[in-house]
Structure formats: C-alpha cells, structure tokens
file query.cif (mmCIF, C-alpha atoms)
data_coords
loop_
_atom_site.label_atom_id
_atom_site.label_comp_id
_atom_site.auth_asym_id
_atom_site.auth_seq_id
_atom_site.Cartn_x
_atom_site.Cartn_y
_atom_site.Cartn_z
CA MET G 1 66.71 9.16 59.67
CA PRO G 2 63.26 7.96 58.56
CA ASN G 3 60.72 7.18 61.24
CA GLU G 4 60.13 3.65 59.97
CA GLN G 5 63.39 2.50 61.53
CA LYS G 6 61.90 1.45 64.82
CA ILE G 7 63.37 -0.72 67.50
CA SER G 8 61.55 -4.05 67.70
CA ARG G 9 58.77 -4.20 70.31
CA ALA G 10 60.54 -7.16 71.94
CA VAL G 11 63.65 -5.06 72.58
CA VAL G 12 61.54 -2.15 73.86
CA SER G 13 59.70 -4.44 76.26
CA ARG G 14 63.04 -5.48 77.78
CA LEU G 15 64.35 -1.94 78.35
CA PRO G 16 62.38 -1.32 81.59
CA LYS G 17 63.66 -4.66 82.84
CA TYR G 18 67.29 -3.65 82.19
CA TYR G 19 66.59 -0.38 83.92
CA ARG G 20 65.15 -2.16 86.95
CA TYR G 21 68.05 -4.62 87.29
CA LEU G 22 70.71 -1.97 86.76
CA GLY G 23 69.04 0.22 89.36
CA GLU G 24 69.13 -2.65 91.86
CA ALA G 25 72.79 -3.38 91.06
CA HIS G 26 73.61 0.30 91.45
CA ASP G 27 71.78 0.46 94.80
CA GLN G 28 73.87 -2.48 95.96
CA GLY G 29 77.05 -0.54 95.17
CA ILE G 30 77.99 -2.66 92.14
CA LYS G 31 80.05 -0.34 89.95
CA ARG G 32 80.79 -2.65 87.04
CA THR G 33 78.70 -5.29 85.37
CA SER G 34 78.74 -7.35 82.18
CA SER G 35 76.27 -8.95 79.82
CA LYS G 36 77.28 -12.28 81.42
CA LYS G 37 76.48 -11.08 84.95
CA LEU G 38 73.24 -9.44 83.85
CA SER G 39 72.35 -12.63 82.00
CA GLU G 40 72.66 -14.69 85.19
CA ILE G 41 70.19 -12.58 87.14
CA MET G 42 67.85 -11.61 84.31
CA ASN G 43 67.10 -14.88 82.50
CA ILE G 44 68.10 -13.36 79.17
CA THR G 45 71.12 -14.68 77.24
CA ALA G 46 74.28 -12.57 77.32
CA SER G 47 74.28 -12.30 73.53
CA GLN G 48 70.69 -11.07 73.55
CA ILE G 49 71.62 -8.41 76.11
CA ARG G 50 74.61 -7.23 74.05
CA GLN G 51 72.45 -7.17 70.91
CA ASP G 52 69.66 -5.23 72.65
CA LEU G 53 72.03 -2.61 74.05
CA ASN G 54 73.95 -2.32 70.79
CA ASN G 55 70.79 -0.91 69.21
CA PHE G 56 71.60 2.30 71.02
CA GLY G 57 75.36 2.37 70.52
CA SER G 58 78.35 1.05 72.43
CA PHE G 59 77.75 1.37 76.14
CA GLY G 60 80.31 -1.26 77.12
CA LEU G 61 84.03 -1.72 76.73
CA GLN G 62 85.56 -5.02 75.64
CA GLY G 63 87.13 -6.65 78.71
CA TYR G 64 85.66 -4.09 81.11
CA GLY G 65 81.94 -4.59 80.72
CA TYR G 66 79.48 -1.88 81.60
CA ASP G 67 79.71 0.94 84.09
CA THR G 68 76.52 0.22 86.07
CA GLU G 69 75.59 3.82 86.83
CA LEU G 70 76.34 5.06 83.33
CA LEU G 71 74.32 2.30 81.67
CA TYR G 72 71.49 2.80 84.19
CA ASN G 73 71.34 6.51 83.43
CA GLU G 74 71.60 5.97 79.70
CA ILE G 75 68.71 3.49 79.61
CA GLY G 76 66.79 5.87 81.86
CA LYS G 77 67.24 8.55 79.20
CA ILE G 78 66.10 6.17 76.46
CA LEU G 79 62.98 5.56 78.54
CA GLY G 80 62.45 9.31 78.86
CA LEU G 81 63.05 9.31 82.61
CA ASP G 82 65.21 12.45 82.41
CA LYS G 83 62.04 14.33 81.46
CA LYS G 84 58.99 15.37 83.44
CA HIS G 85 55.73 13.79 82.29
CA LYS G 86 52.44 15.39 83.21
CA LEU G 87 49.55 12.96 83.57
CA ILE G 88 45.86 13.13 84.19
CA LEU G 89 43.68 10.26 85.31
CA ILE G 90 40.18 9.65 83.94
CA GLY G 91 38.14 7.35 86.17
CA CYS G 92 38.73 7.40 89.93
CA GLY G 93 37.59 3.92 90.92
CA LYS G 94 39.83 1.59 92.91
CA ILE G 95 42.39 1.06 90.15
CA GLY G 96 42.46 4.77 89.33
CA GLN G 97 42.97 5.70 92.96
CA ALA G 98 45.68 3.05 93.29
CA LEU G 99 47.55 4.74 90.43
CA LEU G 100 47.20 8.16 92.09
CA LYS G 101 48.80 6.72 95.23
CA TYR G 102 51.64 4.82 93.59
CA GLU G 103 54.77 6.53 94.87
CA TYR G 104 57.16 5.20 92.20
CA PHE G 105 55.54 7.17 89.41
CA THR G 106 56.33 10.57 90.89
CA SER G 107 59.89 9.59 91.78
CA ARG G 108 60.40 8.61 88.12
CA GLY G 109 59.08 11.93 86.81
CA PHE G 110 55.47 10.91 86.11
CA THR G 111 53.18 13.27 88.00
CA PHE G 112 49.40 13.28 88.11
CA GLU G 113 48.22 16.88 87.68
CA ALA G 114 44.50 16.23 87.94
CA ALA G 115 41.92 13.45 87.99
CA PHE G 116 38.41 13.25 86.53
CA ASP G 117 35.30 11.36 87.47
CA LYS G 118 31.56 11.74 87.12
CA SER G 119 30.67 10.70 90.66
CA GLU G 120 29.32 13.56 92.81
CA ASP G 121 30.89 11.89 95.85
CA LEU G 122 34.37 12.13 94.37
CA ILE G 123 34.30 15.48 92.54
CA GLY G 124 36.06 18.16 94.57
CA THR G 125 37.90 15.68 96.80
CA THR G 126 41.61 14.98 96.55
CA VAL G 127 43.49 11.69 96.47
CA ASN G 128 47.15 11.88 97.43
CA GLY G 129 47.05 15.62 96.75
CA VAL G 130 45.48 15.25 93.30
CA LYS G 131 42.15 17.03 92.87
CA ILE G 132 39.25 15.17 91.28
CA HIS G 133 37.35 17.28 88.74
CA ASP G 134 34.00 16.78 87.07
CA VAL G 135 34.64 14.82 83.88
CA SER G 136 32.48 17.39 82.03
CA GLU G 137 35.44 19.78 82.49
CA LEU G 138 37.84 17.43 80.69
CA ALA G 139 37.85 19.11 77.26
CA ASP G 140 38.33 22.55 78.83
CA TYR G 141 41.12 21.28 81.05
CA LEU G 142 43.02 19.65 78.18
CA SER G 143 42.77 22.79 76.06
CA THR G 144 44.27 24.96 78.81
CA HIS G 145 46.87 22.58 80.32
CA HIS G 146 49.78 20.85 78.67
CA ILE G 147 49.33 17.17 79.50
CA ASN G 148 51.57 14.41 78.11
CA ILE G 149 49.79 11.25 79.18
CA VAL G 150 46.20 10.27 79.99
CA ALA G 151 45.64 7.24 82.22
CA LEU G 152 42.26 5.74 81.30
CA THR G 153 40.66 3.78 84.12
CA ILE G 154 36.94 4.15 83.41
CA PRO G 155 34.68 1.09 83.21
CA LYS G 156 34.25 -0.27 79.69
CA GLY G 157 30.64 0.90 79.31
CA HIS G 158 31.27 4.49 80.45
CA ILE G 159 33.70 5.81 77.85
CA GLY G 160 31.22 8.25 76.26
CA ASN G 161 33.02 10.96 74.28
CA THR G 162 36.32 10.59 76.17
CA VAL G 163 38.16 9.25 73.12
CA ASP G 164 36.98 12.20 70.99
CA ILE G 165 38.13 14.69 73.60
CA ILE G 166 41.54 13.04 73.86
CA ASN G 167 41.88 12.95 70.06
CA LYS G 168 41.21 16.69 69.89
CA SER G 169 43.83 17.44 72.55
CA SER G 170 47.63 17.62 72.34
CA VAL G 171 48.04 14.54 74.54
CA GLN G 172 50.94 12.33 73.39
CA GLY G 173 50.15 9.03 75.04
CA VAL G 174 47.31 7.02 76.56
CA TRP G 175 47.85 4.46 79.29
CA ASN G 176 44.77 2.33 78.78
CA PHE G 177 43.39 0.12 81.55
CA ILE G 178 40.02 -0.41 79.83
CA ASN G 179 39.72 -4.01 78.69
CA MET G 180 39.34 -3.14 75.02
CA ASP G 181 41.65 -1.89 72.28
CA ILE G 182 40.90 1.73 71.50
CA GLU G 183 42.09 3.50 68.36
CA PHE G 184 43.28 7.05 68.86
CA ARG G 185 44.32 9.56 66.21
CA GLU G 186 47.73 9.26 64.63
CA GLY G 187 50.45 10.57 66.89
CA ILE G 188 48.90 9.34 70.13
CA LYS G 189 50.82 6.32 71.42
CA VAL G 190 48.96 3.72 73.46
CA GLU G 191 50.11 1.26 76.09
CA ASN G 192 47.49 -1.22 77.29
CA VAL G 193 47.21 -2.85 80.69
CA HIS G 194 44.58 -5.51 80.05
CA LEU G 195 44.15 -7.27 83.40
CA MET G 196 41.68 -9.86 82.16
CA ASP G 197 43.99 -10.75 79.25
CA SER G 198 46.86 -11.13 81.67
CA LEU G 199 44.86 -13.45 83.94
CA MET G 200 43.76 -15.56 80.95
CA THR G 201 47.38 -15.82 79.82
CA LEU G 202 48.31 -17.14 83.26
CA SER G 203 45.47 -19.64 83.08
CA TYR G 204 46.79 -20.80 79.70
CA LYS G 205 50.35 -21.15 81.03
CA ILE G 206 49.12 -23.29 83.93
CA ASP G 207 47.41 -25.75 81.59
CA GLU G 208 49.81 -25.43 78.66
CA ASP G 209 51.12 -28.99 78.72
CA GLU G 210 47.63 -30.43 78.81
CA ILE G 211 46.42 -28.09 76.03
CA ILE G 212 49.35 -28.99 73.81
CA ASN G 213 48.50 -32.65 74.21
CA ARG G 214 44.79 -32.06 73.65
CA TYR G 215 45.32 -30.17 70.41
CA ASN G 216 48.23 -32.30 69.21
CA VAL G 217 50.34 -29.21 68.78
CA THR G 218 53.59 -29.84 66.95
CA THR G 219 56.68 -27.66 67.03
CA LYS G 220 55.85 -26.54 63.51
CA GLY G 221 52.59 -25.07 64.74
CA GLU G 222 50.54 -27.46 62.60
CA ALA G 223 47.85 -29.76 63.89
CA ILE G 224 48.07 -33.51 63.38
CA LYS G 225 44.72 -34.83 62.32
CA MET M 1 53.95 -35.33 73.35
CA PRO M 2 57.03 -33.80 75.02
CA ASN M 3 56.55 -30.64 77.04
CA GLU M 4 59.16 -28.69 75.09
CA GLN M 5 56.74 -28.22 72.20
CA LYS M 6 55.33 -24.96 73.41
CA ILE M 7 53.31 -22.40 71.55
CA SER M 8 55.32 -19.22 71.06
CA ARG M 9 54.70 -16.52 73.67
CA ALA M 10 53.66 -14.13 70.90
CA VAL M 11 50.83 -16.44 69.86
CA VAL M 12 49.78 -16.96 73.48
CA SER M 13 49.67 -13.20 74.07
CA ARG M 14 47.22 -12.85 71.16
CA LEU M 15 44.79 -15.54 72.36
CA PRO M 16 43.01 -13.32 74.92
CA LYS M 17 42.66 -10.69 72.22
CA TYR M 18 40.98 -13.18 69.86
CA TYR M 19 38.74 -14.22 72.70
CA ARG M 20 37.77 -10.62 73.40
CA TYR M 21 37.00 -9.77 69.78
CA LEU M 22 35.08 -12.98 69.15
CA GLY M 23 33.04 -12.37 72.31
CA GLU M 24 32.14 -8.90 71.05
CA ALA M 25 31.22 -10.25 67.60
CA HIS M 26 29.11 -12.96 69.23
CA ASP M 27 27.35 -10.39 71.45
CA GLN M 28 26.52 -8.42 68.30
CA GLY M 29 24.82 -11.48 66.83
CA ILE M 30 27.52 -12.10 64.21
CA LYS M 31 27.33 -15.84 63.51
CA ARG M 32 30.11 -16.18 60.95
CA THR M 33 33.45 -14.49 60.68
CA SER M 34 36.70 -14.92 58.76
CA SER M 35 40.39 -14.23 59.24
CA LYS M 36 39.90 -11.31 56.84
CA LYS M 37 37.07 -9.78 58.91
CA LEU M 38 38.93 -10.36 62.17
CA SER M 39 42.02 -8.83 60.57
CA GLU M 40 40.15 -5.61 59.79
CA ILE M 41 39.06 -5.01 63.38
CA MET M 42 42.08 -6.48 65.18
CA ASN M 43 45.09 -4.92 63.45
CA ILE M 44 46.60 -8.34 62.88
CA THR M 45 47.12 -9.70 59.34
CA ALA M 46 44.69 -12.37 58.15
CA SER M 47 47.53 -14.79 57.50
CA GLN M 48 48.84 -14.27 61.02
CA ILE M 49 45.38 -15.02 62.40
CA ARG M 50 45.07 -18.22 60.35
CA GLN M 51 48.56 -19.27 61.41
CA ASP M 52 47.85 -18.57 65.11
CA LEU M 53 44.61 -20.52 65.10
CA ASN M 54 46.08 -23.40 63.09
CA ASN M 55 48.36 -24.12 66.04
CA PHE M 56 45.34 -25.65 67.70
CA GLY M 57 43.82 -27.40 64.70
CA SER M 58 41.34 -26.51 61.99
CA PHE M 59 38.62 -24.31 63.42
CA GLY M 60 37.58 -22.84 60.09
CA LEU M 61 36.23 -24.18 56.83
CA GLN M 62 37.56 -23.05 53.46
CA GLY M 63 35.03 -20.67 51.93
CA TYR M 64 32.89 -20.53 55.08
CA GLY M 65 35.22 -18.97 57.59
CA TYR M 66 34.72 -19.44 61.29
CA ASP M 67 31.59 -20.07 63.30
CA THR M 68 31.89 -17.18 65.77
CA GLU M 69 30.41 -18.95 68.79
CA LEU M 70 32.30 -22.18 68.19
CA LEU M 71 35.64 -20.42 67.80
CA TYR M 72 34.89 -18.20 70.82
CA ASN M 73 34.15 -21.25 72.97
CA GLU M 74 37.13 -23.16 71.67
CA ILE M 75 39.58 -20.34 72.42
CA GLY M 76 37.89 -19.97 75.79
CA LYS M 77 38.72 -23.61 76.48
CA ILE M 78 42.33 -23.11 75.37
CA LEU M 79 42.48 -20.25 77.89
CA GLY M 80 41.08 -22.53 80.57
CA LEU M 81 37.84 -20.55 80.89
CA ASP M 82 35.74 -23.72 81.02
CA LYS M 83 37.35 -24.42 84.40
CA LYS M 84 36.91 -22.83 87.79
CA HIS M 85 40.03 -21.13 89.15
CA LYS M 86 40.34 -20.49 92.86
CA LEU M 87 42.42 -17.45 93.74
CA ILE M 88 43.71 -15.79 96.85
CA LEU M 89 45.00 -12.25 97.11
CA ILE M 90 48.03 -11.30 99.17
CA GLY M 91 48.17 -7.56 99.87
CA CYS M 92 44.93 -5.61 100.23
CA GLY M 93 46.04 -2.11 99.28
CA LYS M 94 44.26 -0.13 96.59
CA ILE M 95 45.35 -2.34 93.70
CA GLY M 96 44.54 -5.51 95.65
CA GLN M 97 41.10 -4.23 96.56
CA ALA M 98 40.50 -3.18 92.96
CA LEU M 99 41.17 -6.77 91.88
CA LEU M 100 38.75 -8.11 94.52
CA LYS M 101 36.06 -5.84 93.09
CA TYR M 102 36.65 -6.52 89.42
CA GLU M 103 33.42 -8.17 88.23
CA TYR M 104 34.84 -9.71 85.04
CA PHE M 105 37.08 -12.14 86.89
CA THR M 106 34.23 -13.99 88.59
CA SER M 107 32.16 -14.13 85.43
CA ARG M 108 35.12 -15.78 83.68
CA GLY M 109 35.54 -18.41 86.39
CA PHE M 110 38.27 -16.72 88.46
CA THR M 111 37.04 -16.43 92.03
CA PHE M 112 38.84 -14.94 95.01
CA GLU M 113 38.37 -17.32 97.94
CA ALA M 114 40.27 -15.28 100.51
CA ALA M 115 42.56 -12.29 100.90
CA PHE M 116 45.52 -11.67 103.22
CA ASP M 117 47.05 -8.58 104.73
CA LYS M 118 49.05 -7.63 107.79
CA SER M 119 47.11 -4.45 108.61
CA GLU M 120 45.03 -4.71 111.81
CA ASP M 121 42.51 -2.33 110.23
CA LEU M 122 41.84 -4.71 107.35
CA ILE M 123 42.03 -8.14 109.00
CA GLY M 124 38.55 -9.52 109.65
CA THR M 125 36.83 -7.14 107.21
CA THR M 126 35.46 -8.21 103.85
CA VAL M 127 35.84 -6.63 100.42
CA ASN M 128 33.18 -7.60 97.88
CA GLY M 129 32.36 -10.63 100.03
CA VAL M 130 35.98 -11.79 100.31
CA LYS M 131 37.30 -12.06 103.85
CA ILE M 132 40.68 -10.55 104.68
CA HIS M 133 42.80 -12.84 106.89
CA ASP M 134 45.95 -12.17 108.86
CA VAL M 135 48.88 -12.90 106.54
CA SER M 136 50.41 -14.99 109.34
CA GLU M 137 47.68 -17.57 108.55
CA LEU M 138 48.78 -17.86 104.91
CA ALA M 139 50.82 -21.09 105.17
CA ASP M 140 48.06 -22.80 107.15
CA TYR M 141 45.42 -21.65 104.69
CA LEU M 142 47.34 -22.90 101.65
CA SER M 143 47.93 -26.30 103.24
CA THR M 144 44.21 -26.79 103.93
CA HIS M 145 42.65 -25.19 100.83
CA HIS M 146 43.16 -26.04 97.18
CA ILE M 147 44.12 -22.75 95.54
CA ASN M 148 45.14 -22.45 91.88
CA ILE M 149 46.37 -18.89 91.64
CA VAL M 150 47.90 -16.35 94.02
CA ALA M 151 47.58 -12.67 93.14
CA LEU M 152 50.54 -10.86 94.70
CA THR M 153 49.89 -7.19 95.39
CA ILE M 154 52.14 -6.45 98.35
CA PRO M 155 54.57 -3.52 98.26
CA LYS M 156 58.06 -4.46 97.06
CA GLY M 157 59.70 -4.13 100.49
CA HIS M 158 57.15 -6.28 102.35
CA ILE M 159 57.47 -9.68 100.69
CA GLY M 160 59.02 -11.40 103.73
CA ASN M 161 58.66 -15.19 103.51
CA THR M 162 55.67 -15.07 101.12
CA VAL M 163 57.64 -16.61 98.25
CA ASP M 164 58.78 -19.52 100.47
CA ILE M 165 55.23 -20.18 101.59
CA ILE M 166 53.96 -20.17 98.00
CA ASN M 167 56.79 -22.45 96.90
CA LYS M 168 55.83 -24.98 99.58
CA SER M 169 52.17 -24.95 98.53
CA SER M 170 50.38 -26.64 95.65
CA VAL M 171 49.63 -23.30 93.96
CA GLN M 172 49.92 -23.51 90.16
CA GLY M 173 50.26 -19.88 89.18
CA VAL M 174 51.26 -16.48 90.53
CA TRP M 175 49.82 -13.24 89.17
CA ASN M 176 52.55 -10.86 90.21
CA PHE M 177 51.91 -7.13 90.56
CA ILE M 178 55.12 -6.48 92.52
CA ASN M 179 57.53 -4.47 90.41
CA MET M 180 60.26 -7.11 90.43
CA ASP M 181 60.78 -10.48 88.79
CA ILE M 182 60.39 -13.25 91.35
CA GLU M 183 61.58 -16.79 90.79
CA PHE M 184 59.26 -19.49 92.06
CA ARG M 185 59.86 -23.22 92.17
CA GLU M 186 59.53 -25.24 89.01
CA GLY M 187 55.91 -25.88 88.14
CA ILE M 188 54.62 -22.51 89.30
CA LYS M 189 53.78 -20.33 86.30
CA VAL M 190 54.10 -16.57 86.64
CA GLU M 191 52.40 -13.71 84.86
CA ASN M 192 53.71 -10.24 85.69
CA VAL M 193 51.82 -6.96 85.66
CA HIS M 194 54.63 -4.44 86.02
CA LEU M 195 52.89 -1.05 86.02
CA MET M 196 56.08 1.00 86.18
CA ASP M 197 57.54 -0.96 83.23
CA SER M 198 54.36 -0.35 81.27
CA LEU M 199 54.48 3.40 81.95
CA MET M 200 58.16 3.56 80.95
CA THR M 201 57.34 1.70 77.73
CA LEU M 202 54.70 4.32 76.95
CA SER M 203 57.20 7.07 77.66
CA TYR M 204 59.63 5.39 75.24
CA LYS M 205 56.96 5.10 72.53
CA ILE M 206 56.12 8.81 72.84
CA ASP M 207 59.73 9.81 72.24
CA GLU M 208 60.72 6.95 69.95
CA ASP M 209 61.38 9.03 66.83
CA GLU M 210 63.60 11.41 68.73
CA ILE M 211 65.46 8.56 70.48
CA ILE M 212 66.08 6.79 67.18
CA ASN M 213 67.59 9.97 65.78
CA ARG M 214 69.65 10.62 68.91
CA TYR M 215 71.21 7.16 68.94
CA ASN M 216 71.52 6.88 65.16
CA VAL M 217 69.62 3.61 65.25
CA THR M 218 69.70 1.73 61.95
CA THR M 219 67.29 -0.96 60.86
CA LYS M 220 70.01 -3.54 61.45
CA GLY M 221 70.10 -2.59 65.08
CA GLU M 222 73.68 -1.40 64.84
CA ALA M 223 74.94 2.01 65.80
CA ILE M 224 76.65 4.25 63.28
CA LYS M 225 79.70 5.80 64.86
#
call {"tool": "encode", "arguments": {"input": "query.cif", "output": "structure tokens"}}
result
Amino acid sequence: MPNEQKISRAVVSRLPKYYRYLGEAHDQGIKRTSSKKLSEIMNITASQIRQDLNNFGSFGLQGYGYDTELLYNEIGKILGLDKKHKLILIGCGKIGQALLKYEYFTSRGFTFEAAFDKSEDLIGTTVNGVKIHDVSELADYLSTHHINIVALTIPKGHIGNTVDIINKSSVQGVWNFINMDIEFREGIKVENVHLMDSLMTLSYKIDEDEIINRYNVTTKGEAIK
Amino acid sequence: MPNEQKISRAVVSRLPKYYRYLGEAHDQGIKRTSSKKLSEIMNITASQIRQDLNNFGSFGLQGYGYDTELLYNEIGKILGLDKKHKLILIGCGKIGQALLKYEYFTSRGFTFEAAFDKSEDLIGTTVNGVKIHDVSELADYLSTHHINIVALTIPKGHIGNTVDIINKSSVQGVWNFINMDIEFREGIKVENVHLMDSLMTLSYKIDEDEIINRYNVTTKGEAIK
C-alpha cells in the first residue's frame, strides 16, 4: 500500500476525541454504544462518526452498534497507545515543567526519560523524577539513547542548534510548543501547540459576527464591494 | 448580514499563521510581499492564500502584491488584536502559572486581571503581578468586573460549579485547557487546548504508514476485507 494514502487530517484530529469519549463511556460501565449515541454526546453527526471509523474497517455490527471496550482499545491502538513512547523535554521553564508533571502522559505510555535546560539553577535537579541535564549534552544523549519524541518548550529566541541536533538524531516526532513553525528533516513528524495562535483564534470567534459584518463576508467567501 | 455566514474553521485556523509570518516579514523590513512569496515560506499554496484573504476583501493589488504592514495590521484587526482583552485564570498549577508569565499575551492585548485557585498556599500571592484569589470569590468577581475571557486550567476532577458560574457571567470566551469538551451557554465561544489529544495525534502521525497498512486503508476511506 503506497504511503500517499493518508487519512485526512480532519479525521485524525477527531480520533483522540473518540478515544476520550469511549474511555468515559467505558468507565461508566456502558458496554454497548452506537454512532447515534456517540453523536449525541460528541457534537459530531452519526454519519460522520460511521464514516470516520469505517476508514479503519468495520468495528460495529448492524443493529448492535459498537462494543465500547473493543472500540476504545482499537482506537487506542490506532493512536499508538499500546506502545511505549520515550520522550525528552528541551526547555524546563513553566510550561516544560508542567509537561513533566502531567500524570496522564505516563499512564498513556508517554514517559519523559530526561529533560534539558541551560540554566545552572536547574541542571542536576529533578522534576517529578526526571533529571534535568545541561543542554550541551543533548547531542551525546540522543546518540546513546533511543528517544521517540522530543517536546520543545524553549523560548523562541533560544533555539540555537537544537533543530540541527534533532535532525541528526533518530527521533521520530517533535511536539513543538515554540510559537513558530519549524521544518525538520523528512521522517520527523511535528505536532504544534501554538498557544498564541489558539488565543487569537478565540478572540476571532468572540468577534466573528461583527467581523463578518465589517468585511461584508458572503457565504461564497467573496467580498461585496 | 445573518450570523450563519461564517468563515470556515480551516480558514480561521490559518489566520494566526498569516499574522505570525507577516509580522516576521515586517520585522525583517520586507515592505511588499505576494501570495507566491508567502506560499514559499508558509507551506500553503498561493491560490489558497489568495482565497483565504479574499474572504475579507481585496487586500492586494494585481501586479503589486500585498503591503506587508497593511496586511499584517488588517489581519491583526480581524483577530481582534486592536482591542484590549481582559482575562482571568482559574487554576494556578504549573500550566496556569506558565500562562500568567507568558509575555506575548500582554503585548498582543491579552491581559490577566486576576487568577483563582483553592490552594491556601497560593491564595494572596501574586504571579507576574497577577493576584491569586480564593476560587470561592469567583462568582462575586465576575459580577463586579468586566472580563472577556476565562482561561481554564484546573485539573479535570476539580471543576465543581465553575461552569455554572461562568455561564451566569458576561464572559465571552473560554480558553479551555481541561482535557474534556465542556458545553457552555450559547454566546460563550470556546477554544480548546487538549494536550493529551495533541500528543496522541503526534503518536498517530509517527506510525501512520504502519497503521494504514495494518487497516488496509484505501484512499476512498473504505476498508478492504
């Protein structure tokens, strides 16, 4: 099967949401569910849900619906949650330290093996059991440890040669909290958490009606002059 | 103009990115740009860029392109950055405190006026000049202060009556960091930052080729049995 046949990003973005809702249903002892029931609690149409899940085969049975636990586990596997992921953190400011302390990650198989910073005050200390190393040891560390994911939480102006070091490593993914889009070598997947972008999007949503009036936006996406 | 005529969410999600790139170009002294030039640095096709921007009218001139500063300011206005937004923070753990310290927010007009927590150790202290109040004062505070946006950074199990209090206030938007989808009353816009979802999406991307093979995914989104 050629690699070009990717699942659309919109479907992928909904998978964690399915996983979350199915997990909650399972915790509540609900053994069977349906696209209709999921639709009611998830704000996604039932047909969209069926279509999304059908990408990965037939998880449901006509007239029965879905076995909650089975579907939960199956989506977990699609999201790679049956595997162990080894992470390192680069940048141990407040956001970085928050990530080190976030209990959900470990319980889902994402474990921070080490952290890196350049601050003398932080180097040698541990946060939630994770040791903070001098960032000058980063290249050495990555060449001697098998790390799957790098979480990047350094301030925008302090990236230095971090990208080069990551590109030369066998890292598979970068979880980027720096408020800029960074290009890594082919084969390294990137997921961005751009907080400022997210806040600006909220600001837009709040004023959307007014903006649409101001710019005479039509449904066709063309401006009336 | 009826309110149903919304800009697609995909376009909205690209607006902060345009703003970011135009700001960088402007900082570099670039006075003129074009959809073609933006396309090269942004990984978005030139026609997509023209189409996105045309939603809001004609910012460019045929043969000239865009005036960088003008377009930057105009997109800033669309994102509400010409206004002052008053925020409060509920939940002063690591992520909450990171948000209070994030310098970009203030410089873009998003100012934290107060923070709330239930921890005796935190109440009465200040973080980056923002005072932390007892969360029991939240309803009172919201009824006597005009707040635009609430940043929600409490742990999932500690929400209590926070949603009710927000629903009864005049708050316009919620920036939700809690790893669940919360429904607020009509008129309150929500932007979610679901860190666990983001990490699972990265995990999916890393293994995508293997997953596509495993589930026999076809481009039509149907499974081959």
call {"tool": "residues_around", "arguments": {"input": "query.cif", "residues": "segment 191-208 of chain M", "least_positions_apart": "2", "cutoff": "6 Å", "atoms": "only C-alpha atoms", "output": "PyMOL selection string"}}
result
(chain G and resi 16+79-80+191+202) or (chain M and resi 175-177+179+210-211)
call {"tool": "atom_distance", "arguments": {"input": "query.cif", "atom1": "atom CA of Ile30 of chain G", "atom2": "atom CA of Thr45 of chain G"}}
result
20.3 Å
call {"tool": "closest_residue", "arguments": {"input": "query.cif", "among": "M:Thr153, M:Gln48, M:Thr33, M:Ser169", "to": "Asp140 of chain M", "atoms": "all atoms listed in the file"}}
result
M:Ser169
call {"tool": "closest_residue", "arguments": {"input": "query.cif", "among": "G:Ile75, G:Ala114, G:Val127, G:Ile166", "to": "Asn55 of chain G", "atoms": "all atoms listed in the file"}}
result
G:Ile75
call {"tool": "residues_near_point", "arguments": {"input": "query.cif", "point": "(40.9, 13.5, 83.5)", "cutoff": "7 Å", "atoms": "only C-alpha atoms", "output": "MDAnalysis selection string"}}
result
chainID G and resid 88:90 114:116 135 138
